[in-house]
Amino acid sequence: MGLPAQAVTDPELDESVVDLNFIARADVDSMNRVHIEFRLPTYWCAANFSFLMADDMRQAVTALDWVEGISVVLGEHMYADKINAGLARGLSFQETFGAEADGNLDDLRQTFLVKAFQRRQVALLNHLTGLGHSPETIVALTLDELGCLPVDDDCEKLVRRYLERRAVVGPAEADAPAFVDTDGARLKADGFSAYVSRLRRVGVNAEFNGALCRGLLSVRFDLETPFVPRAQGLPASAAVQHKC
């Protein structure tokens with residue numbers, strides 16, 4: 001259907017909600033209104049975390065020119081009724097939960113984006129080091145030079161994913177340092193190994209959480225039956241939030 005759901009990630013795991021099997025159904029009706037149903041690994045996933053993913057889906061699909069309306073529905077969750085009511089009315093997390101809202105959703109999104117930046121950075125740094133590039137060479141690279149660096153197919157994918165998150169921590173002009181820390185400061189060759197070791201722990205935690213989520217999801221839901229999106233033009237029952 002050309003939906004950008006693949007680009008929407010579980011913010012904690014930095015993996016596509018499609019690859020994680022979170023999307024239970026995605027349909028387009030005859031009026032170009034999109035209906036998405038999704039589920040999460042546990043019944044008690046945090047409300048702000050759950051709403052964040054739903055909001056990311058809503059924003060990604062609404063950005064498509066041909067979409068005339070969008071409904072995102074969360075199933076099998078302790079806050080499903082409240083979250084779905086807020087989504088149907090186009091409300092923010094704070095508007096949906098009122099005094100119960102814990103923190104700002106934008107702050108939470110930024111926190112997860114920084115963690116995703118760290119995981120993507122350490123994966124790329126490990127690969128570049130494995131290809132024989134010295135710390136001195138790596139930290140001296142600009143973004144333009146990184147994009148032009150001769151790499152293998154695996155490295156090309158790592159570079160692309162890293163560049164998708166590089167702007168999260170600082171300006172990403174062509175002549176900006178390719179590798180910076182979360183404060184936007186260029187990495188230094190001195191202490192490079194210790195820096196990479198610290199980031200590896202972030203990656204290990206994410207891999208563990210990812211395996212745990214997949215296991216929990218497979219226990220809760222049937223993941224063996226292939227998902228086939230409903231053909232465009234067939235009716236869908238969910239209420240739709242129309243574009244303004």
# chains A, B, ... in the order shown; residues from 1 in each chain; ligands from 1
$ residues_around --residues "segment 129-145 of chain A" --least-positions-apart "3" --cutoff "10 Å" --atoms "only C-alpha atoms" --output "list in words"
Leu124, Leu125, Asn126, Cys148, Leu149, Pro150, Val151, Asp152, Cys155, Leu163, Arg166, Ala172, Glu173, Ala174, Asp175, Ala176, Pro177, Ala178, Phe179, Val180, Arg186, Leu187, Lys188, Ala189, Asp190, Gly191, Phe192 and Ser193 of chain A
$ select_by_dssp --residues "segment 22-204 of chain A" --states "alpha helix (DSSP H)" --output "ChimeraX atom specification"
/A:47-62,80-88,93-97,105-130,135-140,143-148,153-166,192-204
$ select_by_dssp --residues "segment 16-201 of chain A" --states "strand (DSSP E)" --output "PyMOL selection string"
chain A and resi 16+23-28+33-38+69-74
$ residues_around --residues "Asp183 of chain A" --least-positions-apart "6" --cutoff "12 Å" --atoms "only C-alpha atoms" --output "PyMOL selection string"
chain A and resi 114+117-118+166-171
$ atom_distance --atom1 "atom CA of Ile83 of chain A" --atom2 "atom CA of Leu217 of chain A"
20.0 Å
$ residues_around --residues "segment 42-56 of chain A" --least-positions-apart "4" --cutoff "10 Å" --atoms "only C-alpha atoms" --output "ChimeraX atom specification"
/A:5,7-12,17,36-38,60-62,71-80,82-84,86-87,90-94,96-97,100-106,108-109,213,216-217,219-220
$ atom_distance --atom1 "atom CA of Arg160 of chain A" --atom2 "atom CA of Tyr195 of chain A"
21.6 Å
$ atom_distance --atom1 "atom CA of Val122 of chain A" --atom2 "atom CA of Lys157 of chain A"
13.6 Å
$ closest_residue --among "A:Leu158, A:Ala26, A:Leu64, A:Ile70" --to "Arg119 of chain A" --atoms "only C-alpha atoms"
A:Leu158
